[in-house]
Structures are given as C-alpha cells and as structure tokens.
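Colleague: Take this structure first; my questions come after.
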Amino acid sequence: MIPKARWMLLLLARNARARGLEYLIAAAVVAAAAAAVAMLRAVSASTQEQVHALAHNLGKNMLVVPASTDLRDFYAFRFRGSGMPDSYPDQLRSSELAQHVRSIEARLYGNVSSGAVPLVVVGEKVYQGSAPGVTWPEGEAVLGHTAWERLKIGIAQDWGLGGTRLRVSDVSWRPPDGLDTGVFTSLGGAQGILRRPGEINAMRLAGCWCSLDVPALAKQVERLLPGTKAITVLGVLKAQKGAVSVATRYSAAVHSAAILLIVGIVAVLTASQVRREKREIGLLMATGAPLPLVGA
C-alpha cells in the first residue's frame with residue numbers, strides 16, 4: 001500500500017497537472033484583487049500626505065485674484081488679461097482689516113517670449129509691517145534656471161525684454177512656485193515689460209489667523225476690494241479632505257469586495273476538489289478497489 005503522505009503528494013501533483021489553468025486563473029484573480037487594494041491604499045495615503053504638506057507649507061494664507069481668473073489657468077502659469085489696481089494693497093493696509101494682515105505680496109504675472117524662449121514674468125512688491133519692502137530691486141532680474149539655460153545670458157549682463165532693460169543679477173535653482181522659466185523682477189519692471197501700468201493680478205496675504213473665522217475674513221476682503229475673489233487654504237484643504245474621505249470610503253468597499261472575491265474563489269476551488277474526490281472514491285468503491293487513503 002502506498003504511504004498516505006506519498007499518496008497525497010501524488011494526488012496534488014496530478015491535480016496540478018489536470019487543473020493547472022484553473023489554478024493559474026484563480027491566482028491571477030487573487031493577485032489582481034490584492035493589487036487593487038494596495039493601489040487604493042497607496043493613493044489614499046498619498047492624498048493624506050499632500051493635505052498635511054499643504055497645511056504645513058501654506059498655513060492659513062490667502063490668495064486674492066481678479067474675480068474673472070480661471071484658477072486652472074493660474075496654477076498652470078497661463079495668465080490672461082484680467083487684473084486689479086495696484087492701489088489695492090494700500091487700500092487694504094489702510095482699512096480696519098489691516099490688523100489681521102501682517103504681510104502682503106502684490107504680484108503681476110504675465111507670459112512673454114524672448115526670441116523662441118517662452119518665459120513667465122513675475123513682478124513683486126512686498127508690504128511687511130508699516131512699509132513696503134523690496135524683493136527684487138528696480139532694473140534687476142533673477143532668472144529661473146531653465147530660463148537662464150535657454151537664454152544663455154551671463155550674470156551681471158544687461159538684457160532687453162519687452163522694451164525694458166534689465167540686469168541679470170542671479171540665477172535661481174529653486175525658483176518661487178517652481179517657476180523655472182520665470183523672470184523675477186520688481187513690480188514696476190514687470191508692469192513695463194507687460195505694458196500693464198498700475199496693475200497687479202495676484203496678492204498673497206498672511207497673518208496670525210488662528211482665532212479668526214478665515215472664510216469670513218475672505219468675504220470681507222472681497223467686499224473691500226471690488227472685482228476680486230479671495231481663496232483660502234482652508235477651502236483647498238476642505239476639498240482635499242473630501243477627496244480623502246471619498247478615497248477612504250471606496251477603499252473600504254474595495255477591501256470588502258476583494259475579501260469576498262478571494263473567499264469565493266477558495267470556496268469554489270474547495271467545493272470542486274471535494275466533488276472530484278467524491279467521484280473518485282465512488283468509482284473505487286464501485287469497482288471494488290481498495291481505498292488508498294484509508295488506514296496507515
């Protein structure tokens with residue numbers, strides 16, 4: 001009589017040969033379900049990390065732009081013709097809201113080209129405390145590294161852009177907002193290059209707003225500065241957290257479906273194996289052959 005352990009191994013080997021395709025398909029389905037669960041978990045974790053990074057990096061800052069601004073274009077660095085008066089920072093600083101706004105970065109963005117090189121001009125004027133500060137001096141420019149490499153301009157070299165003469169004072173290898181094709185200069189310089197005197201198209205406001213209703217403050221800013229819309233990071237975070245919530249909800253559903261699928265595959269395979277063994281045992285009993293799995 002064949003020993004039980006050897007018989008089991010022979011039986012398993014025979015089943016593997018006879019039903020190899022069935023086992024392969026089952027393994028592929030289980031692997032796909034496991035991969036889907038792992039991918040959804042990774043996406044959910046990545047989204048949560050992005051939300052936390054956004055909150056850490058931006059705090060409770062506020063972006064003020066013209067009401068007609070398409071934010072998709074704005075964040076893709078495609079700047080249209082909408083603008084605001086460059087007197088708005090002073091108007092905000094002289095209002096009762098000034099006690100809540102500690103700093104203002106007034107900016108004018110615009111798309112230009114120098115020859116065949118596309119560039120983004122960024123003019124900035126910073127208001128910190130009681131007096132405006134200087135980010136980039138008049139007549140000077142800092143180039144993003146990609147702009148510098150394409151333009152092939154030396155440091156301290158004079159350069160004309162849009163009819164305005166600029167001296168390249170430095171190259172930024174980590175430019176603000178990731179604008180590696182940026183030309184960073186003073187607000188007045190950007191207004192001259194873009195031929196938009198007296199205009200800005202963005203303001204970044206910051207302050208200690210831990211105890212304030214930030215969305216209400218944004219509404220007050222919009223009322224004070226006609227034709228603007230104020231975007232708070234809290235609103236962005238709310239949208240991101242909604243995405244995380246959806247991902248988490250679907251993650252639970254996918255987990256449940258994957259578990260049910262795997263359990264179902266195991267049950268079907270087990271039931272099929274039991275039916276096959278019952279048929280084989282019945283056949284052995286019908287022919288009077290000994291049952292090899294019975295006994296030692």
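In the structure tokens, each chain is lettered A, B, ... as it comes, each chain's residues begin at 1, and ligands are numbered from 1 in order of appearance.
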Report as a list in words all protein, DNA and RNA residues lying within 12 Å of Gln128 (chain A), evaluated on only C-alpha atoms, omitting residues in the same chain fewer than 4 positions from it.

Modeller: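 These residues fall inside the cut-off: Pro89, Asp90, Arg93, Ala98, Val101, Arg102, Ser103, Ile104, Glu105, Ala106, Pro132, Gly133, Val134, Thr135, Arg204, Leu205, Ala206 and Gly207 of chain A.
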
Colleague: Do you know which residues are at most 10 Å from Asp86 (chain A) counting only C-alpha atoms, after dropping those on the same chain fewer than 3 positions away, and could you put them as a tab-separated table (two decimals) with N, CA, C and O atoms, in the first residue's frame?

Modeller:
chain	number	residue	atom	x	y	z
A	83	GLY	N	-6.95	91.86	-14.35
A	83	GLY	CA	-6.05	92.48	-13.38
A	83	GLY	C	-6.81	93.25	-12.32
A	83	GLY	O	-8.04	93.39	-12.36
A	89	PRO	N	-3.30	96.98	-2.44
A	89	PRO	CA	-2.56	96.71	-1.19
A	89	PRO	C	-2.62	97.87	-0.21
A	89	PRO	O	-2.83	97.66	1.00
A	90	ASP	N	-2.46	99.10	-0.71
A	90	ASP	CA	-2.54	100.26	0.19
A	90	ASP	C	-3.95	100.42	0.73
A	90	ASP	O	-4.14	100.81	1.90
A	91	GLN	N	-4.94	100.15	-0.11
A	91	GLN	CA	-6.33	100.25	0.35
A	91	GLN	C	-6.60	99.24	1.46
A	91	GLN	O	-7.28	99.56	2.45
A	106	ALA	N	2.23	91.67	-3.37
A	106	ALA	CA	1.48	92.08	-4.56
A	106	ALA	C	2.28	91.67	-5.78
A	106	ALA	O	3.47	92.00	-5.91
A	107	ARG	N	1.66	90.95	-6.70
A	107	ARG	CA	2.38	90.41	-7.85
A	107	ARG	C	1.64	90.69	-9.16
A	107	ARG	O	0.41	90.76	-9.19
A	108	LEU	N	2.45	90.79	-10.21
A	108	LEU	CA	1.92	90.83	-11.57
A	108	LEU	C	2.62	89.74	-12.35
A	108	LEU	O	3.84	89.73	-12.50
A	125	LYS	N	6.01	93.26	-5.26
A	125	LYS	CA	6.25	94.30	-4.27
A	125	LYS	C	5.70	93.78	-2.95
A	125	LYS	O	4.54	93.34	-2.88
A	187	LEU	N	7.92	95.02	-9.25
A	187	LEU	CA	6.56	95.20	-9.78
A	187	LEU	C	6.57	96.22	-10.90
A	187	LEU	O	5.95	96.01	-11.96
A	197	PRO	N	0.68	99.17	-16.86
A	197	PRO	CA	0.97	100.10	-15.75
A	197	PRO	C	-0.21	100.17	-14.77
A	197	PRO	O	-1.37	100.14	-15.16
A	198	GLY	N	0.13	100.24	-13.49
A	198	GLY	CA	-0.90	100.39	-12.47
A	198	GLY	C	-1.69	99.13	-12.18
A	198	GLY	O	-2.75	99.20	-11.56
A	199	GLU	N	-1.19	97.94	-12.62
A	199	GLU	CA	-1.95	96.70	-12.44
A	199	GLU	C	-1.17	95.65	-11.66
A	199	GLU	O	0.06	95.60	-11.70
A	200	ILE	N	-1.90	94.82	-10.98
A	200	ILE	CA	-1.42	93.56	-10.42
A	200	ILE	C	-2.48	92.51	-10.75
A	200	ILE	O	-3.60	92.85	-11.12
A	201	ASN	N	-2.12	91.22	-10.62
A	201	ASN	CA	-3.15	90.19	-10.81
A	201	ASN	C	-3.13	89.12	-9.73
A	201	ASN	O	-3.74	88.07	-9.88
A	202	ALA	N	-2.43	89.40	-8.63
A	202	ALA	CA	-2.46	88.48	-7.50
A	202	ALA	C	-1.93	89.18	-6.26
A	202	ALA	O	-1.01	90.01	-6.34
A	203	MET	N	-2.51	88.82	-5.12
A	203	MET	CA	-1.99	89.25	-3.81
A	203	MET	C	-2.01	88.06	-2.88
A	203	MET	O	-3.01	87.34	-2.80

Colleague: When you count only C-alpha atoms, which of these residues is closest to Leu119 (chain A): A:Ala218, A:Ala147, A:Met84, A:Ile193?

Modeller: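 Of A:Ala218, A:Ala147, A:Met84, A:Ile193, the one nearest Leu119 (chain A), counting only C-alpha atoms, is A:Ala147.
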
Colleague: Interatomic distance between CA of Ala76 (chain A) and CA of Leu217 (chain A)?

Modeller: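 We find that CA of Ala76 (chain A) and CA of Leu217 (chain A) lie 26.8 Å from each other.
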
Colleague: From the DSSP assignment of the backbone, select every residue of region 154-193 of chain A that is strand (DSSP E or B), and format the answer as number ranges by chain.

Modeller: A: 158-161, 164-172, 182-186

Colleague: Go ahead and write the selection's residues with C-alpha atoms as a short mmCIF file (atom, residue, chain, number, x, y, z; two decimals), in the first residue's frame.

Modeller:
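And here's result11.cif as it stands now:
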data_model
loop_
_atom_site.label_atom_id
_atom_site.label_comp_id
_atom_site.auth_asym_id
_atom_site.auth_seq_id
_atom_site.Cartn_x
_atom_site.Cartn_y
_atom_site.Cartn_z
CA ASP A 158 22.28 93.68 -19.45
CA TRP A 159 19.32 92.28 -21.31
CA GLY A 160 16.26 93.72 -23.02
CA LEU A 161 12.80 92.24 -22.56
CA THR A 164 12.71 97.22 -20.76
CA ARG A 165 16.40 96.95 -19.90
CA LEU A 166 17.25 94.56 -17.09
CA ARG A 167 20.47 93.42 -15.48
CA VAL A 168 20.55 89.71 -14.64
CA SER A 169 21.67 89.67 -11.01
CA ASP A 170 21.32 85.97 -10.21
CA VAL A 171 20.01 82.55 -11.22
CA SER A 172 17.51 80.73 -9.01
CA GLY A 182 10.44 82.70 -14.57
CA VAL A 183 11.90 86.21 -14.84
CA PHE A 184 11.62 87.69 -11.35
CA THR A 185 11.83 91.44 -11.11
CA SER A 186 10.26 94.44 -9.39
#

Colleague: Work out how far CA of Leu225 (chain A) is from CA of Val64 (chain A), in Å to one decimal.

Modeller: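 Rounded to one decimal, the two atoms are 9.5 Å apart.
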
Colleague: Enumerate as a PyMOL selection string all residues of region 63-108 of chain A assigned to alpha helix (DSSP H) by DSSP on the backbone, naming them with the chain letters and numbers the document uses.

Modeller: chain A and resi 71-75+88-93

Colleague: Selected residues, N, CA and C atoms, written as a CSV table (one decimal), in the first residue's frame, please.

Modeller:
chain,number,residue,atom,x,y,z
A,71,LEU,N,-8.7,79.6,-12.1
A,71,LEU,CA,-7.7,79.1,-11.3
A,71,LEU,C,-6.9,78.0,-12.0
A,72,ARG,N,-7.5,77.3,-12.8
A,72,ARG,CA,-6.8,76.2,-13.6
A,72,ARG,C,-5.7,76.8,-14.4
A,73,ASP,N,-6.0,77.9,-15.1
A,73,ASP,CA,-5.0,78.6,-15.9
A,73,ASP,C,-4.0,79.2,-15.0
A,74,PHE,N,-4.4,79.8,-13.9
A,74,PHE,CA,-3.5,80.5,-13.0
A,74,PHE,C,-2.4,79.5,-12.4
A,75,TYR,N,-2.8,78.4,-12.0
A,75,TYR,CA,-1.9,77.4,-11.4
A,75,TYR,C,-1.1,76.6,-12.5
A,88,TYR,N,-4.7,98.5,-4.5
A,88,TYR,CA,-5.4,97.6,-3.6
A,88,TYR,C,-4.6,97.3,-2.3
A,89,PRO,N,-3.3,97.0,-2.4
A,89,PRO,CA,-2.6,96.7,-1.2
A,89,PRO,C,-2.6,97.9,-0.2
A,90,ASP,N,-2.5,99.1,-0.7
A,90,ASP,CA,-2.5,100.3,0.2
A,90,ASP,C,-4.0,100.4,0.7
A,91,GLN,N,-4.9,100.1,-0.1
A,91,GLN,CA,-6.3,100.2,0.4
A,91,GLN,C,-6.6,99.2,1.5
A,92,LEU,N,-6.0,98.0,1.3
A,92,LEU,CA,-6.2,97.0,2.4
A,92,LEU,C,-5.5,97.4,3.6
A,93,ARG,N,-4.3,98.0,3.5
A,93,ARG,CA,-3.5,98.3,4.7
A,93,ARG,C,-4.0,99.5,5.4
